[in-house]
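Comments concern the structure below.
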Amino acid sequence: MPGPVGRVLAGRYRVVAPIGAGGMGVVFRATDELLERTVAVKQLRLTGLGPVGAAQARRRVMLEGQAAARLHHPNVVSIFDVVVERDEPWLVLEYVPSRTLDRVLVEDGLLDPLTAARVGRDIAAALAAAHAVDIVHRDVKPANVLIGDDGVAKLTDFGIARVAGDGSMVSSDALVGTPAYLAPEVARGIAAGAASDVFALGATLYKAVEGAPPFGTVDETGLPGLLGRVARGAVHPAVRAGPLGGPLARLLETDPAKRFSAAAAVEALSELVERQDAPTEVLAGPIPAAPVRSGARRPGVRQGAAGAAAECSSGCRWRSSPPC
């Protein structure tokens with residue numbers, strides 16, 4: 001069978017070029033010839049799956065469409081349509097000029113803590129919106145986070161999402177997700193919930209700043225060893241997180257009851273970003289005896305990850321250790 005490039009799906013979506021691939025499918029840039037806009041279309045990988053595997057893959061695409069259709073949020077990749085062409089379902093998605101977070105980490109290197117906090121704030125907002133309509137993503141990881149050319153992060157791939165009370169979704173009893181990003185309670189056999197999505201977000205940010213997931217990888221001890229570390233909550237201490245360390249620890253709490261909710265994570269990460277972005281008044285010497293005129297300001301600098309401004313007894317403010 002010829003490749004899909006050049007095909008017109010459902011009489012309106014002309015496939016233009018491949019733009020990405022994952023374990024379950026290939027994503028192409030396409031043109032919606034009816035609305036005259038660029039979209040993305042996702043084709044399943046069915047080769048080698050067999051009849052049962054192919055049926056499950058088709059179901060995943062339909063589930064992804066049904067779950068994501070309930071969400072309308074700027075940090076969630078929108079799904080516009082599901083079409084069936086030659087007995088294959090295709091997802092028609094919002095086209096986002098972007099790279100996945102895992103690709104960014106490979107091509108550009110690790111994120112600094114403040115950039116990671118911005119990504120985390122965006123994805124936490126996406127999760128808060130999903131949880132508000134009872135959707136649990138269940139596979140938050142760097143490969144499912146898109147970093148747009150504008151710097152905005154979006155959550156994608158709701159293929160194994162679960163909707164509370166909907167028996168048509170993937171069984172909540174199954175151990176689903178990516179092992180290195182699972183929450184401890186999921187590795188112990190408890191059904192994934194909103195709290196496990198938050199943990200997976202924490203694991204994703206940990207990977208972004210530390211270079212590896214918080215429990216290590218399968219390569220270190222094999223899958224049984226990794227799942228054992230996950231179940232115990234044996235997180236390797238973060239060493240590069242800087243000002244992100246506090247919020248990251250709350251995202252990675254072993255006890256789900258002590259973990260941030262997605263909404264609380266948005267608040268904490270937004271506060272961190274705003275605090276680090278805000279200009280800080282830095283004076284070159286002691287404050288003069290005469291009062292500063294109303295409205296006068298000194299040039300400001302951004303706080304760095306190395307430390308906050310300190311104030312010494314004589315009134316001067318310095319960026320690290322006081323000189324006085």
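Here's how to read the names in the structure tokens: chain A, B, ... by the order shown, residue numbers from 1 in each chain, ligand numbers from 1 in the order shown.
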
**Item:** Selection: 9 Å around Pro179 of chain A, only C-alpha atoms, excl. self and same-chain fewer than 3 positions, as number ranges by chain
**Value:** A: 176, 182-183, 187, 217-218, 223, 226-227, 230

Write a file of the selected residues as an mmCIF file, in the first residue's frame, keeping N, CA, C and O atoms.
```
data_model
loop_
_atom_site.group_PDB
_atom_site.id
_atom_site.type_symbol
_atom_site.label_atom_id
_atom_site.label_comp_id
_atom_site.auth_asym_id
_atom_site.auth_seq_id
_atom_site.Cartn_x
_atom_site.Cartn_y
_atom_site.Cartn_z
ATOM 1 N N VAL A 176 -0.889 0.629 33.747
ATOM 2 C CA VAL A 176 -0.673 1.324 32.485
ATOM 3 C C VAL A 176 0.222 2.520 32.727
ATOM 4 O O VAL A 176 0.316 3.052 33.830
ATOM 5 N N LEU A 182 5.890 6.267 36.590
ATOM 6 C CA LEU A 182 4.747 5.839 37.391
ATOM 7 C C LEU A 182 4.837 6.390 38.809
ATOM 8 O O LEU A 182 5.930 6.555 39.364
ATOM 9 N N ALA A 183 3.677 6.633 39.409
ATOM 10 C CA ALA A 183 3.626 6.981 40.821
ATOM 11 C C ALA A 183 3.786 5.714 41.650
ATOM 12 O O ALA A 183 3.407 4.618 41.214
ATOM 13 N N ALA A 187 2.528 1.566 40.967
ATOM 14 C CA ALA A 187 3.422 0.403 40.927
ATOM 15 C C ALA A 187 3.029 -0.635 41.970
ATOM 16 O O ALA A 187 3.328 -1.824 41.806
ATOM 17 N N THR A 217 16.432 4.178 35.440
ATOM 18 C CA THR A 217 15.879 3.612 34.218
ATOM 19 C C THR A 217 15.844 2.093 34.271
ATOM 20 O O THR A 217 16.449 1.474 35.147
ATOM 21 N N VAL A 218 15.158 1.514 33.303
ATOM 22 C CA VAL A 218 15.084 0.055 33.195
ATOM 23 C C VAL A 218 16.464 -0.541 32.985
ATOM 24 O O VAL A 218 16.765 -1.641 33.473
ATOM 25 N N LEU A 223 13.384 -4.252 34.435
ATOM 26 C CA LEU A 223 12.047 -3.773 34.789
ATOM 27 C C LEU A 223 11.642 -4.136 36.217
ATOM 28 O O LEU A 223 11.112 -3.279 36.938
ATOM 29 N N LEU A 226 13.339 -1.713 38.588
ATOM 30 C CA LEU A 226 12.777 -0.371 38.472
ATOM 31 C C LEU A 226 11.431 -0.281 39.161
ATOM 32 O O LEU A 226 11.181 0.649 39.940
ATOM 33 N N LEU A 227 10.548 -1.238 38.903
ATOM 34 C CA LEU A 227 9.227 -1.206 39.533
ATOM 35 C C LEU A 227 9.339 -1.325 41.048
ATOM 36 O O LEU A 227 8.541 -0.724 41.783
ATOM 37 N N VAL A 230 10.220 2.113 42.256
ATOM 38 C CA VAL A 230 9.045 2.974 42.144
ATOM 39 C C VAL A 230 8.085 2.694 43.291
ATOM 40 O O VAL A 230 7.585 3.617 43.953
#
```

**Request:** Please identify all polymer residues within 12 Å of Val5 of chain A, counting only C-alpha atoms, omitting same-chain residues fewer than 4 positions from it, and present them as number ranges by chain.
**Result:** A: 1, 9, 13-19, 26-31, 41, 43

**Request:** List every residue of segment 23-166 of chain A that DSSP, applied to the backbone, labels as alpha helix (DSSP H), and write the result as an MDAnalysis selection string.
**Result:** chainID A and resid 50:68 101:108 113:132

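Across the model, the gap from atom CA of Ala249 of chain A to atom CA of Leu269 of chain A is 12.2 Å.
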
**Counting only C-alpha atoms, the option among A:Val92, A:Arg118, A:Arg103, A:Ala129 closest to Leu71 of chain A** =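 Closest to Leu71 of chain A of all the choices is A:Ala129.
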
Compile the contact shell of Ala238 of chain A as a PDB file with N, CA, C and O atoms, in the first residue's frame: residues with an atom at most 9 Å away, counting only C-alpha atoms, same-chain residues fewer than 6 positions apart removed.
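Output (selection_5.pdb):
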```pdb
ATOM      1  N   TYR A 206      11.644  16.407  36.852  1.00  0.00           N
ATOM      2  CA  TYR A 206      12.894  15.875  37.407  1.00  0.00           C
ATOM      3  C   TYR A 206      13.821  15.457  36.266  1.00  0.00           C
ATOM      4  O   TYR A 206      15.014  15.788  36.254  1.00  0.00           O
ATOM      5  N   VAL A 209      15.471  18.479  34.482  1.00  0.00           N
ATOM      6  CA  VAL A 209      16.573  19.203  35.131  1.00  0.00           C
ATOM      7  C   VAL A 209      17.711  18.291  35.574  1.00  0.00           C
ATOM      8  O   VAL A 209      18.857  18.734  35.691  1.00  0.00           O
ATOM      9  N   GLU A 210      17.418  17.012  35.833  1.00  0.00           N
ATOM     10  CA  GLU A 210      18.441  16.104  36.358  1.00  0.00           C
ATOM     11  C   GLU A 210      19.018  15.179  35.299  1.00  0.00           C
ATOM     12  O   GLU A 210      20.098  14.614  35.486  1.00  0.00           O
ATOM     13  N   PRO A 214      13.311  10.022  38.198  1.00  0.00           N
ATOM     14  CA  PRO A 214      13.668  10.003  39.629  1.00  0.00           C
ATOM     15  C   PRO A 214      14.006   8.626  40.188  1.00  0.00           C
ATOM     16  O   PRO A 214      14.666   8.521  41.232  1.00  0.00           O
ATOM     17  N   GLY A 245      13.395  23.022  43.666  1.00  0.00           N
ATOM     18  CA  GLY A 245      13.479  21.872  44.559  1.00  0.00           C
ATOM     19  C   GLY A 245      12.277  21.701  45.470  1.00  0.00           C
ATOM     20  O   GLY A 245      11.784  20.587  45.659  1.00  0.00           O
ATOM     21  N   LEU A 248       9.156  20.665  43.494  1.00  0.00           N
ATOM     22  CA  LEU A 248       9.413  19.341  42.941  1.00  0.00           C
ATOM     23  C   LEU A 248       9.232  18.263  44.006  1.00  0.00           C
ATOM     24  O   LEU A 248       8.652  17.200  43.742  1.00  0.00           O
ATOM     25  N   ALA A 249       9.681  18.546  45.219  1.00  0.00           N
ATOM     26  CA  ALA A 249       9.517  17.579  46.304  1.00  0.00           C
ATOM     27  C   ALA A 249       8.045  17.324  46.600  1.00  0.00           C
ATOM     28  O   ALA A 249       7.651  16.186  46.903  1.00  0.00           O
TER      29      ALA A 249
END
```

**Request:** For atom CA of Ala117 of chain A and atom CA of Val76 of chain A, quote the distance in Å rounded to one decimal.
**Result:**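 The value is 17.3 Å.
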
**Message:** Report as a PyMOL selection string all protein, DNA and RNA residues lying within 10 Å of Pro142 of chain A, evaluated on only C-alpha atoms, omitting residues in the same chain fewer than 4 positions from it.
**Reply:** chain A and resi 100-105+146-147+155+181+200-201+203-205+207-208

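Candidate residues A:Ser261, A:Thr38, A:Thr115, A:Ser270 were compared for distance to Gly193 of chain A, and the nearest is A:Ser261, using only C-alpha atoms.
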
**Request:** Enumerate, as a VMD selection string, the complete set of residues in segment 15-256 of chain A that a backbone-based DSSP assignment places in strand (DSSP E).
**Result:** chain A and resid 15 to 21 25 to 32 37 to 44 79 to 85 88 to 94 98 to 100 135 to 136 145 to 148 153 to 155 162 to 163

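For the residues A:Leu251, A:Ala231, A:Ala257, A:Val152, ranking by smallest atom-to-atom distance to Arg99 of chain A using only C-alpha atoms places A:Val152 first.
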
Skipping near chain neighbours, those fewer than 4 positions away, what residues fall within 9 Å of Ala10 of chain A using only C-alpha atoms, listed as a short mmCIF file (atom, residue, chain, number, x, y, z; two decimals) with C-alpha atoms, in the first residue's frame?
```cif
data_model
loop_
_atom_site.label_atom_id
_atom_site.label_comp_id
_atom_site.auth_asym_id
_atom_site.auth_seq_id
_atom_site.Cartn_x
_atom_site.Cartn_y
_atom_site.Cartn_z
CA VAL A 83 -12.10 9.95 10.66
CA VAL A 84 -12.06 6.37 9.38
CA GLU A 85 -10.21 5.81 6.13
#
```

**Two-atom distance - atom CA of Gly3 of chain A, atom CA of Pro89 of chain A (Å)** =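 Distance reported for this atom pair: 15.6 Å.
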
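Residues within 7 Å of Ala194 of chain A, counting only C-alpha atoms and excluding same-chain residues fewer than 3 positions away, are His131, Val136, Asp197 and Val198 of chain A.
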
Residue selection dump (all heavy atoms) as an mmCIF file, in the first residue's frame:
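Okay, this is what ended up in result.cif:
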```
data_model
loop_
_atom_site.group_PDB
_atom_site.id
_atom_site.type_symbol
_atom_site.label_atom_id
_atom_site.label_comp_id
_atom_site.auth_asym_id
_atom_site.auth_seq_id
_atom_site.Cartn_x
_atom_site.Cartn_y
_atom_site.Cartn_z
ATOM 1 N N HIS A 131 -8.533 16.991 35.097
ATOM 2 C CA HIS A 131 -9.079 16.431 36.334
ATOM 3 C C HIS A 131 -10.428 17.054 36.679
ATOM 4 O O HIS A 131 -11.285 16.404 37.299
ATOM 5 C CB HIS A 131 -8.087 16.632 37.474
ATOM 6 C CG HIS A 131 -6.779 15.916 37.259
ATOM 7 N ND1 HIS A 131 -5.634 16.209 37.975
ATOM 8 C CD2 HIS A 131 -6.434 14.922 36.372
ATOM 9 C CE1 HIS A 131 -4.651 15.426 37.553
ATOM 10 N NE2 HIS A 131 -5.104 14.644 36.587
ATOM 11 N N VAL A 136 -8.256 11.285 33.730
ATOM 12 C CA VAL A 136 -6.911 11.002 34.218
ATOM 13 C C VAL A 136 -6.068 10.623 33.004
ATOM 14 O O VAL A 136 -6.417 9.702 32.268
ATOM 15 C CB VAL A 136 -6.914 9.853 35.251
ATOM 16 C CG1 VAL A 136 -5.497 9.562 35.740
ATOM 17 C CG2 VAL A 136 -7.821 10.189 36.430
ATOM 18 N N ASP A 197 -1.136 11.345 38.144
ATOM 19 C CA ASP A 197 -0.775 12.265 37.055
ATOM 20 C C ASP A 197 0.183 13.341 37.568
ATOM 21 O O ASP A 197 1.145 13.714 36.886
ATOM 22 C CB ASP A 197 -2.020 12.956 36.497
ATOM 23 C CG ASP A 197 -2.729 12.161 35.413
ATOM 24 O OD1 ASP A 197 -2.191 11.128 34.972
ATOM 25 O OD2 ASP A 197 -3.826 12.585 35.015
ATOM 26 N N VAL A 198 -0.092 13.852 38.765
ATOM 27 C CA VAL A 198 0.750 14.906 39.332
ATOM 28 C C VAL A 198 2.147 14.363 39.605
ATOM 29 O O VAL A 198 3.153 15.037 39.347
ATOM 30 C CB VAL A 198 0.109 15.466 40.618
ATOM 31 C CG1 VAL A 198 1.069 16.406 41.340
ATOM 32 C CG2 VAL A 198 -1.191 16.198 40.279
#
```

**Request:** Go through A:Ala124, A:Arg240, A:Glu185, A:Leu44 and flag the residue nearest Phe260 of chain A, using only C-alpha atoms for the distances.
**Result:** A:Ala124
